[in-house]
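Undergrad: Below is one structure. I have some questions about it.
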Amino acid sequence: MNVRISSVDEIMSRVHERDPDQQEFHQAVHGVFETIGPVLERNPGYRRLAVLERIIEPERIIVFRVPWMDDAGQVQVNRGYRVQMSSVLGPYKGGLRFHPSVNLSVVKFLAFEQVFKNALTPLALGGAKGGADFDPKGRSDGEVMRFCQAFMSELYRHIGPDTDVPAGDIGVGSREIGYLFGMYKKLSNEFTGVFTGKGLVWGGSLIRPEAAGYGVVYFAAEMLATRGKTLEGRRCLISGAGDVALFTAEKVLALGGRVVTLSDSTGLIYDEQGLDSEKLAFVKELKNVRRGRLKEYKERYPDVVYLPCDPLLDHNSLWSFPADCAFPCATHNELNAKDAERLLAGGVDLVCEGANMPSTSAAVQIFLAQKILYGPGKAANAGGVAVSGLEMAQNSMRLSWPREEVDARLKLIMKIIHKSCLDIAHDYGVPGNYVAGANISGFIKVSRAMVEQGLV
Ligand code: NDP
């Protein structure tokens with residue numbers, strides 16, 4: 001056993017030595033490696049087959065220049081990425097992120113997490129992620145379109161409906177997907193299901209925009225049910241004000257919960273009365289149509305608290321309000337150990353992640369030690385990619401399922417993921433630990449496929 005544990009440690013230190021600057025990637029790999037020891041014990045042959053070494057090395061990394069012209073006639077240059085991490089379970093699948101913080105470490109961590117997340121779904125999907133250090137904020141529609149076209153003029157040769165199927169993520173919503181897909185179609189001269197999250201009239205699936213957020217809440221409801229509880233009347237803290245956050249809020253309200261916070265990159269609102277459908281519609285219009293700031297919520301509803309902040313720098317504010325549940329839905333590492341302590345002190349007994357890796361490693365350890373219900377993003381937010389998989393299936397069949405059917409399938413998939421995390425955690429002697437359950441469940445599937453497909 002010592003030999004195998006030290007071998008995991010050795011591999012981990014090689015990851016640090018080889019790419020010392022990729023902290024987010026180290027964090028994601030460490031998070032998985034610290035839970036899969038028991039699988040390695042049951043499969044001693046994996047060491048000779050270098051399963052771990054292979055699983056952390058992307059099959060392909062594409063880094064490219066994206067030159068484009070802004071409205072003033074000035075040429076701008078950004079850097080584009082696509083990390084095709086693993087295709088053992090299906091075509092590469094994972095979103096594109098446009099945000100100034102995008103770098104190779106961030107894209108690699110997201111691609112690595114995506115492999116395990118996709119493995120948890122009952123669909124045949126490999127794992128990838130991509131994006132650019134481009135900030136769509138404050139850019140005109142024309143600038144965003146020219147950037148997307150320039151980005152796609154390189155990416156198109158690396159993707160395809162049976163090769164790699166991107167989707168949206170932070171900064172890539174329906175507008176960006178439209179421009180990206182349009183350029184792909186022109187360059188390839190094919191109308192195929194190469195993107196998910198497409199517009200409804202050109203191949204998109206009903207429920208895709210809602211999927212990640214709804215799925216998070218279905219997962220939370222399943223977790224609560226294990227303790228005989230429901231969301232009814234529970235006060236919920238939600239961070240973010242993007243697709244994931246707002247559809248999480250919508251489903252929490254539908255299930256009788258109370259949403260008391262939202263945030264964006266410039267501030268947060270605390271609404272003691274709780275949001276209702278009218279307030280939520282206001283935020284959706286504000287963020288998705290006018291692309292405004294949450295500060296306007298305070299102008300519209302003066303009784304609420306508004307705190308200007310960068311949630312990443314000013315950690316304590318959003319997570320300090322008393323509540324029963326927390327749904328971090330903005331970005332990675334937005335919730336640290338201090339925040340975790342504050343959440344517990346404020347009464348939170350469920351944390352369910354809409355964002356990818358929003359809790360730092362130290363925060364996760366606190367949740368696990370206190371044995372609260374903690375749903376890691378790779379399981380809890382898998383509804384987004386699951387409905388992307390359903391969009392691909394509908395595109396292949398050239399038909400579209402009604403809203404109720406997609407929603408019912410999403411709900412069932414979240415139930416299946418929840419049960420498989422719970423069953424595996426129990427089987428491996430860590431009952432109730434969804435982190436171990438998700439990692440082990442994904443790892444078993446990916447490593448088995450890898451071994452069966454030989455050295456490729
Ligand atoms: P959006 O771009 O729609 O929304 C992101 C929200 O978080 C915005 O309100 C944004 O503020 C805020 N935010 C983003 N980055 C920062 C930052 N560095 N500091 C402070 N606030 C920030 O993205 P999504 O809702 O699509 O994604 C949110 C999270 O969910 C990400 O971690 C993503 O990877 C994950 N996810 C997304 C899925 C999807 O299908 N879209 C599926 C599964 C997971 P502002 O409004 O000011 O920009």
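Ligands are numbered from 1 in the order shown, chains are lettered A, B, ... in the order of the structure tokens, and residues start at 1 in each chain.
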I need the residues of segment 68-301 of chain A that end up classed as strand (DSSP E or B) by DSSP on the backbone, written out as a PyMOL selection string.
TA: chain A and resi 68-69+75-86+92-98+127-132+160+164-167+169+172+235-238+258-264+267-270
Undergrad: Go ahead and dump the residues you just picked, N, CA and C atoms, as a short mmCIF file (atom, residue, chain, number, x, y, z; two decimals), in the first residue's frame.
TA:
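Result went into result.cif, see below:
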data_model
loop_
_atom_site.label_atom_id
_atom_site.label_comp_id
_atom_site.auth_asym_id
_atom_site.auth_seq_id
_atom_site.Cartn_x
_atom_site.Cartn_y
_atom_site.Cartn_z
N TRP A 68 -7.74 40.31 -34.30
CA TRP A 68 -9.04 40.84 -34.74
C TRP A 68 -9.00 42.37 -34.64
N MET A 69 -9.96 43.02 -35.28
CA MET A 69 -9.93 44.49 -35.30
C MET A 69 -11.07 45.06 -34.46
N VAL A 75 -5.91 46.89 -34.26
CA VAL A 75 -5.81 45.43 -34.24
C VAL A 75 -5.51 44.96 -32.82
N GLN A 76 -6.25 43.97 -32.37
CA GLN A 76 -6.05 43.38 -31.05
C GLN A 76 -5.61 41.93 -31.23
N VAL A 77 -4.81 41.45 -30.28
CA VAL A 77 -4.36 40.05 -30.37
C VAL A 77 -4.65 39.35 -29.05
N ASN A 78 -5.42 38.27 -29.13
CA ASN A 78 -5.67 37.45 -27.94
C ASN A 78 -5.09 36.05 -28.16
N ARG A 79 -5.12 35.27 -27.08
CA ARG A 79 -4.62 33.90 -27.17
C ARG A 79 -5.77 32.92 -26.99
N GLY A 80 -5.89 31.99 -27.91
CA GLY A 80 -6.96 30.99 -27.85
C GLY A 80 -6.41 29.63 -27.43
N TYR A 81 -7.28 28.83 -26.81
CA TYR A 81 -6.87 27.50 -26.30
C TYR A 81 -7.95 26.46 -26.59
N ARG A 82 -7.54 25.23 -26.83
CA ARG A 82 -8.44 24.09 -26.73
C ARG A 82 -7.60 22.95 -26.17
N VAL A 83 -7.99 22.45 -25.02
CA VAL A 83 -7.30 21.30 -24.43
C VAL A 83 -8.19 20.09 -24.62
N GLN A 84 -7.76 19.18 -25.50
CA GLN A 84 -8.52 17.95 -25.76
C GLN A 84 -7.93 16.89 -24.83
N MET A 85 -8.57 16.75 -23.69
CA MET A 85 -7.99 15.97 -22.59
C MET A 85 -8.11 14.46 -22.80
N SER A 86 -9.32 14.02 -23.11
CA SER A 86 -9.52 12.57 -23.23
C SER A 86 -10.68 12.26 -24.16
N TYR A 92 -14.50 14.57 -27.84
CA TYR A 92 -14.18 15.59 -26.84
C TYR A 92 -15.40 16.48 -26.65
N LYS A 93 -15.67 16.86 -25.40
CA LYS A 93 -16.85 17.68 -25.13
C LYS A 93 -16.55 18.57 -23.94
N GLY A 94 -16.83 19.85 -24.07
CA GLY A 94 -16.62 20.80 -22.98
C GLY A 94 -16.68 22.21 -23.52
N GLY A 95 -16.93 23.16 -22.65
CA GLY A 95 -17.23 24.52 -23.08
C GLY A 95 -16.02 25.36 -23.45
N LEU A 96 -16.34 26.57 -23.92
CA LEU A 96 -15.35 27.60 -24.21
C LEU A 96 -15.59 28.74 -23.23
N ARG A 97 -14.50 29.28 -22.67
CA ARG A 97 -14.60 30.39 -21.72
C ARG A 97 -13.88 31.60 -22.29
N PHE A 98 -14.56 32.75 -22.33
CA PHE A 98 -13.91 34.00 -22.73
C PHE A 98 -13.84 34.89 -21.48
N GLY A 127 -13.66 14.42 -22.82
CA GLY A 127 -13.56 15.67 -22.07
C GLY A 127 -12.60 16.65 -22.72
N ALA A 128 -13.00 17.92 -22.78
CA ALA A 128 -12.15 18.99 -23.32
C ALA A 128 -12.61 20.31 -22.72
N LYS A 129 -11.85 21.35 -22.94
CA LYS A 129 -12.26 22.70 -22.57
C LYS A 129 -11.41 23.66 -23.37
N GLY A 130 -11.91 24.87 -23.54
CA GLY A 130 -11.13 25.83 -24.31
C GLY A 130 -11.54 27.24 -23.97
N GLY A 131 -11.04 28.18 -24.75
CA GLY A 131 -11.41 29.56 -24.51
C GLY A 131 -10.35 30.52 -24.96
N ALA A 132 -10.44 31.74 -24.43
CA ALA A 132 -9.48 32.78 -24.78
C ALA A 132 -9.45 33.83 -23.67
N GLY A 160 -15.41 18.97 -34.70
CA GLY A 160 -16.36 18.35 -35.63
C GLY A 160 -17.37 17.56 -34.81
N ASP A 164 -14.98 16.77 -31.73
CA ASP A 164 -14.91 17.67 -30.58
C ASP A 164 -16.08 18.63 -30.71
N VAL A 165 -16.90 18.69 -29.67
CA VAL A 165 -18.14 19.48 -29.72
C VAL A 165 -18.13 20.51 -28.58
N PRO A 166 -17.69 21.76 -28.85
CA PRO A 166 -17.66 22.76 -27.78
C PRO A 166 -19.05 23.25 -27.39
N ALA A 167 -19.09 24.04 -26.32
CA ALA A 167 -20.34 24.65 -25.83
C ALA A 167 -19.94 25.97 -25.17
N ASP A 169 -19.53 28.69 -21.75
CA ASP A 169 -19.07 28.72 -20.37
C ASP A 169 -19.04 30.21 -20.02
N VAL A 172 -19.27 33.07 -22.67
CA VAL A 172 -19.72 32.52 -23.95
C VAL A 172 -21.18 32.07 -23.78
N ARG A 235 -33.45 28.94 3.27
CA ARG A 235 -32.78 30.16 2.79
C ARG A 235 -31.54 29.76 2.02
N CYS A 236 -31.43 30.27 0.80
CA CYS A 236 -30.32 29.85 -0.06
C CYS A 236 -29.46 31.02 -0.50
N LEU A 237 -28.15 30.87 -0.33
CA LEU A 237 -27.18 31.85 -0.84
C LEU A 237 -26.72 31.36 -2.20
N ILE A 238 -26.86 32.21 -3.20
CA ILE A 238 -26.38 31.86 -4.54
C ILE A 238 -25.40 32.94 -4.98
N ARG A 258 -35.98 29.76 -0.62
CA ARG A 258 -35.87 31.22 -0.66
C ARG A 258 -34.48 31.62 -1.10
N VAL A 259 -34.40 32.42 -2.15
CA VAL A 259 -33.10 32.88 -2.66
C VAL A 259 -32.84 34.27 -2.10
N VAL A 260 -31.76 34.43 -1.32
CA VAL A 260 -31.53 35.73 -0.68
C VAL A 260 -30.31 36.48 -1.22
N THR A 261 -29.46 35.82 -2.01
CA THR A 261 -28.31 36.56 -2.57
C THR A 261 -28.09 36.19 -4.04
N LEU A 262 -27.45 37.12 -4.75
CA LEU A 262 -26.87 36.89 -6.08
C LEU A 262 -25.65 37.80 -6.14
N SER A 263 -24.74 37.55 -7.08
CA SER A 263 -23.58 38.44 -7.20
C SER A 263 -23.13 38.50 -8.64
N ASP A 264 -22.38 39.56 -8.97
CA ASP A 264 -21.66 39.55 -10.25
C ASP A 264 -20.24 40.01 -9.96
N GLY A 267 -20.31 43.25 -7.59
CA GLY A 267 -21.02 43.42 -6.33
C GLY A 267 -22.01 42.31 -6.05
N LEU A 268 -22.62 42.39 -4.86
CA LEU A 268 -23.62 41.38 -4.50
C LEU A 268 -24.85 42.05 -3.95
N ILE A 269 -25.98 41.33 -4.06
CA ILE A 269 -27.19 41.83 -3.42
C ILE A 269 -27.63 40.81 -2.37
N TYR A 270 -28.13 41.35 -1.26
CA TYR A 270 -28.71 40.52 -0.21
C TYR A 270 -30.15 41.00 -0.04
#
Undergrad: Distance table requested - chain A against ligand 1, cut-off 8 Å, only C-alpha atoms and all ligand atoms: one row per qualifying residue with the closest atom pair and its distance in Å to one decimal, ordered by chain and rising residue number, as JSON lines.
TA:
{"residue": "A:Gly95", "atom": "CA", "partner": "ligand 1", "partner_atom_place_in_ligand_line": "39 (C)", "distance": 7.4}
{"residue": "A:Arg97", "atom": "CA", "partner": "ligand 1", "partner_atom_place_in_ligand_line": "34 (O)", "distance": 7.7}
{"residue": "A:His99", "atom": "CA", "partner": "ligand 1", "partner_atom_place_in_ligand_line": "15 (N)", "distance": 7.5}
{"residue": "A:Ser101", "atom": "CA", "partner": "ligand 1", "partner_atom_place_in_ligand_line": "18 (N)", "distance": 7.2}
{"residue": "A:Leu110", "atom": "CA", "partner": "ligand 1", "partner_atom_place_in_ligand_line": "34 (O)", "distance": 7.4}
{"residue": "A:Lys137", "atom": "CA", "partner": "ligand 1", "partner_atom_place_in_ligand_line": "48 (O)", "distance": 7.3}
{"residue": "A:Ala167", "atom": "CA", "partner": "ligand 1", "partner_atom_place_in_ligand_line": "40 (O)", "distance": 7.5}
{"residue": "A:Gly168", "atom": "CA", "partner": "ligand 1", "partner_atom_place_in_ligand_line": "41 (N)", "distance": 5.6}
{"residue": "A:Asp169", "atom": "CA", "partner": "ligand 1", "partner_atom_place_in_ligand_line": "26 (O)", "distance": 4.2}
{"residue": "A:Ile170", "atom": "CA", "partner": "ligand 1", "partner_atom_place_in_ligand_line": "2 (O)", "distance": 3.3}
{"residue": "A:Gly171", "atom": "CA", "partner": "ligand 1", "partner_atom_place_in_ligand_line": "2 (O)", "distance": 4.2}
{"residue": "A:Val172", "atom": "CA", "partner": "ligand 1", "partner_atom_place_in_ligand_line": "2 (O)", "distance": 6.5}
{"residue": "A:Gly173", "atom": "CA", "partner": "ligand 1", "partner_atom_place_in_ligand_line": "3 (O)", "distance": 6.6}
{"residue": "A:Arg208", "atom": "CA", "partner": "ligand 1", "partner_atom_place_in_ligand_line": "40 (O)", "distance": 7.6}
{"residue": "A:Pro209", "atom": "CA", "partner": "ligand 1", "partner_atom_place_in_ligand_line": "40 (O)", "distance": 6.8}
{"residue": "A:Ala211", "atom": "CA", "partner": "ligand 1", "partner_atom_place_in_ligand_line": "40 (O)", "distance": 6.9}
{"residue": "A:Ala212", "atom": "CA", "partner": "ligand 1", "partner_atom_place_in_ligand_line": "42 (C)", "distance": 4.9}
{"residue": "A:Gly213", "atom": "CA", "partner": "ligand 1", "partner_atom_place_in_ligand_line": "42 (C)", "distance": 7.9}
{"residue": "A:Ser239", "atom": "CA", "partner": "ligand 1", "partner_atom_place_in_ligand_line": "7 (O)", "distance": 7.3}
{"residue": "A:Gly240", "atom": "CA", "partner": "ligand 1", "partner_atom_place_in_ligand_line": "7 (O)", "distance": 4.0}
{"residue": "A:Ala241", "atom": "CA", "partner": "ligand 1", "partner_atom_place_in_ligand_line": "9 (O)", "distance": 3.5}
{"residue": "A:Gly242", "atom": "CA", "partner": "ligand 1", "partner_atom_place_in_ligand_line": "4 (O)", "distance": 3.2}
{"residue": "A:Asp243", "atom": "CA", "partner": "ligand 1", "partner_atom_place_in_ligand_line": "25 (O)", "distance": 4.0}
{"residue": "A:Val244", "atom": "CA", "partner": "ligand 1", "partner_atom_place_in_ligand_line": "25 (O)", "distance": 3.9}
{"residue": "A:Ala245", "atom": "CA", "partner": "ligand 1", "partner_atom_place_in_ligand_line": "25 (O)", "distance": 5.8}
{"residue": "A:Leu246", "atom": "CA", "partner": "ligand 1", "partner_atom_place_in_ligand_line": "25 (O)", "distance": 7.8}
{"residue": "A:Ser263", "atom": "CA", "partner": "ligand 1", "partner_atom_place_in_ligand_line": "9 (O)", "distance": 6.2}
{"residue": "A:Asp264", "atom": "CA", "partner": "ligand 1", "partner_atom_place_in_ligand_line": "11 (O)", "distance": 3.6}
{"residue": "A:Ser265", "atom": "CA", "partner": "ligand 1", "partner_atom_place_in_ligand_line": "21 (N)", "distance": 3.5}
{"residue": "A:Thr266", "atom": "CA", "partner": "ligand 1", "partner_atom_place_in_ligand_line": "47 (O)", "distance": 5.9}
{"residue": "A:Lys287", "atom": "CA", "partner": "ligand 1", "partner_atom_place_in_ligand_line": "46 (O)", "distance": 6.5}
{"residue": "A:Arg291", "atom": "CA", "partner": "ligand 1", "partner_atom_place_in_ligand_line": "46 (O)", "distance": 7.6}
{"residue": "A:Gly292", "atom": "CA", "partner": "ligand 1", "partner_atom_place_in_ligand_line": "46 (O)", "distance": 7.8}
{"residue": "A:Arg293", "atom": "CA", "partner": "ligand 1", "partner_atom_place_in_ligand_line": "47 (O)", "distance": 6.7}
{"residue": "A:Leu294", "atom": "CA", "partner": "ligand 1", "partner_atom_place_in_ligand_line": "46 (O)", "distance": 8.0}
{"residue": "A:Asp310", "atom": "CA", "partner": "ligand 1", "partner_atom_place_in_ligand_line": "20 (C)", "distance": 5.6}
{"residue": "A:Pro311", "atom": "CA", "partner": "ligand 1", "partner_atom_place_in_ligand_line": "20 (C)", "distance": 5.1}
{"residue": "A:Leu312", "atom": "CA", "partner": "ligand 1", "partner_atom_place_in_ligand_line": "19 (N)", "distance": 5.3}
{"residue": "A:Cys329", "atom": "CA", "partner": "ligand 1", "partner_atom_place_in_ligand_line": "29 (C)", "distance": 5.1}
{"residue": "A:Ala330", "atom": "CA", "partner": "ligand 1", "partner_atom_place_in_ligand_line": "7 (O)", "distance": 3.5}
{"residue": "A:Thr331", "atom": "CA", "partner": "ligand 1", "partner_atom_place_in_ligand_line": "32 (O)", "distance": 4.0}
{"residue": "A:His332", "atom": "CA", "partner": "ligand 1", "partner_atom_place_in_ligand_line": "32 (O)", "distance": 5.8}
{"residue": "A:Glu334", "atom": "CA", "partner": "ligand 1", "partner_atom_place_in_ligand_line": "19 (N)", "distance": 7.6}
{"residue": "A:Gly354", "atom": "CA", "partner": "ligand 1", "partner_atom_place_in_ligand_line": "30 (O)", "distance": 5.3}
{"residue": "A:Ala355", "atom": "CA", "partner": "ligand 1", "partner_atom_place_in_ligand_line": "30 (O)", "distance": 3.5}
{"residue": "A:Asn356", "atom": "CA", "partner": "ligand 1", "partner_atom_place_in_ligand_line": "32 (O)", "distance": 4.2}
{"residue": "A:Met357", "atom": "CA", "partner": "ligand 1", "partner_atom_place_in_ligand_line": "32 (O)", "distance": 7.1}
{"residue": "A:Pro358", "atom": "CA", "partner": "ligand 1", "partner_atom_place_in_ligand_line": "32 (O)", "distance": 6.9}
{"residue": "A:Gly377", "atom": "CA", "partner": "ligand 1", "partner_atom_place_in_ligand_line": "44 (C)", "distance": 7.2}
{"residue": "A:Asn381", "atom": "CA", "partner": "ligand 1", "partner_atom_place_in_ligand_line": "43 (C)", "distance": 4.9}
{"residue": "A:Ala382", "atom": "CA", "partner": "ligand 1", "partner_atom_place_in_ligand_line": "43 (C)", "distance": 6.2}
{"residue": "A:Gly383", "atom": "CA", "partner": "ligand 1", "partner_atom_place_in_ligand_line": "42 (C)", "distance": 7.2}
{"residue": "A:Gly384", "atom": "CA", "partner": "ligand 1", "partner_atom_place_in_ligand_line": "40 (O)", "distance": 4.4}
{"residue": "A:Val385", "atom": "CA", "partner": "ligand 1", "partner_atom_place_in_ligand_line": "42 (C)", "distance": 6.4}
Undergrad: Hey, which of A:Leu52, A:Ala124, A:Ser105, A:Arg146 ends up closest to Gly182 of chain A? Count only C-alpha atoms.
TA: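 Of all the options, A:Arg146 lies closest to Gly182 of chain A.
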Undergrad: Could you pull out the helix (DSSP H, G or I) residues of segment 85-251 of chain A from DSSP and send them as a PyMOL selection string?
TA: chain A and resi 104-120+141-158+174-188+200-202+208-225+243-251
Undergrad: May I ask which of the residues A:Val32, A:Gln22, A:Asp339, A:Lys295 is the closest one to Lys117 of chain A, counting only C-alpha atoms?
TA: A:Val32
Undergrad: Set the distance at 10 Å and use only C-alpha atoms: which residues neighbour Leu280 of chain A once local chain neighbours fewer than 4 positions away are removed? I'd like the list as a ChimeraX atom specification.
TA: /A:246-247,249-250,253,259,275-276,284-286
Undergrad: Counting only C-alpha atoms, which residue out of A:Ile424, A:Leu120, A:Ala379, A:Leu187 sits closest to Gly442 of chain A?
TA: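 When distances to Gly442 of chain A are compared using only C-alpha atoms, the smallest one comes from A:Leu120.
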Undergrad: Of the candidates A:Pro136, A:Asp19, A:Tyr184, A:Val39, which shows the shortest atom-to-atom distance to Ala436 of chain A, using only C-alpha atoms?
TA: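 For Ala436 of chain A, the nearest of the given residues is A:Val39.
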Undergrad: Measuring atom to atom with only C-alpha atoms, identify which of A:Thr196, A:Ser388, A:Ser277, A:Thr230 is nearest to Leu255 of chain A.
TA: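 Answer, going by the shortest atom-to-atom distance: A:Thr230.
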Undergrad: Which is closest to Asp9 of chain A among A:Arg175, A:His30, A:Arg54, A:Arg398, if we use only C-alpha atoms?
TA: A:His30
Undergrad: Can you list, as a count of residues only, every protein, DNA or RNA residue that comes within 9 Å of Ile417 of chain A when you count only C-alpha atoms, leaving out same-chain residues fewer than 4 positions away?
TA: 12
Undergrad: Need the shell around Pro161 of chain A: protein/DNA/RNA residues with any atom at most 9 Å away, counting only C-alpha atoms. Skip same-chain ones fewer than 4 positions apart. Format as a PyMOL selection string?
TA: chain A and resi 91+165+192-195+392
Undergrad: Keeping only N, CA, C and O atoms, write those residues as a PDB file, in the first residue's frame.
TA:
ATOM      1  N   PRO A  91     -16.509  11.587 -28.237  1.00  0.00           N
ATOM      2  CA  PRO A  91     -15.868  12.791 -28.780  1.00  0.00           C
ATOM      3  C   PRO A  91     -15.562  13.788 -27.664  1.00  0.00           C
ATOM      4  O   PRO A  91     -16.294  13.849 -26.669  1.00  0.00           O
ATOM      5  N   VAL A 165     -16.904  18.692 -29.673  1.00  0.00           N
ATOM      6  CA  VAL A 165     -18.138  19.484 -29.718  1.00  0.00           C
ATOM      7  C   VAL A 165     -18.125  20.509 -28.579  1.00  0.00           C
ATOM      8  O   VAL A 165     -18.492  20.193 -27.446  1.00  0.00           O
ATOM      9  N   THR A 192     -23.779  20.983 -39.124  1.00  0.00           N
ATOM     10  CA  THR A 192     -23.755  19.787 -38.271  1.00  0.00           C
ATOM     11  C   THR A 192     -23.892  20.205 -36.812  1.00  0.00           C
ATOM     12  O   THR A 192     -23.754  21.379 -36.478  1.00  0.00           O
ATOM     13  N   GLY A 193     -24.110  19.218 -35.961  1.00  0.00           N
ATOM     14  CA  GLY A 193     -24.243  19.489 -34.524  1.00  0.00           C
ATOM     15  C   GLY A 193     -22.889  19.660 -33.867  1.00  0.00           C
ATOM     16  O   GLY A 193     -22.554  18.951 -32.920  1.00  0.00           O
ATOM     17  N   VAL A 194     -22.094  20.625 -34.350  1.00  0.00           N
ATOM     18  CA  VAL A 194     -20.733  20.777 -33.844  1.00  0.00           C
ATOM     19  C   VAL A 194     -20.659  21.579 -32.556  1.00  0.00           C
ATOM     20  O   VAL A 194     -19.644  21.593 -31.879  1.00  0.00           O
ATOM     21  N   PHE A 195     -21.754  22.264 -32.236  1.00  0.00           N
ATOM     22  CA  PHE A 195     -21.808  23.037 -30.991  1.00  0.00           C
ATOM     23  C   PHE A 195     -23.022  22.602 -30.213  1.00  0.00           C
ATOM     24  O   PHE A 195     -24.025  22.194 -30.809  1.00  0.00           O
ATOM     25  N   MET A 392     -26.909  16.721 -28.743  1.00  0.00           N
ATOM     26  CA  MET A 392     -26.189  15.995 -29.794  1.00  0.00           C
ATOM     27  C   MET A 392     -27.044  14.831 -30.314  1.00  0.00           C
ATOM     28  O   MET A 392     -27.103  14.566 -31.519  1.00  0.00           O
TER      29      MET A 392
END
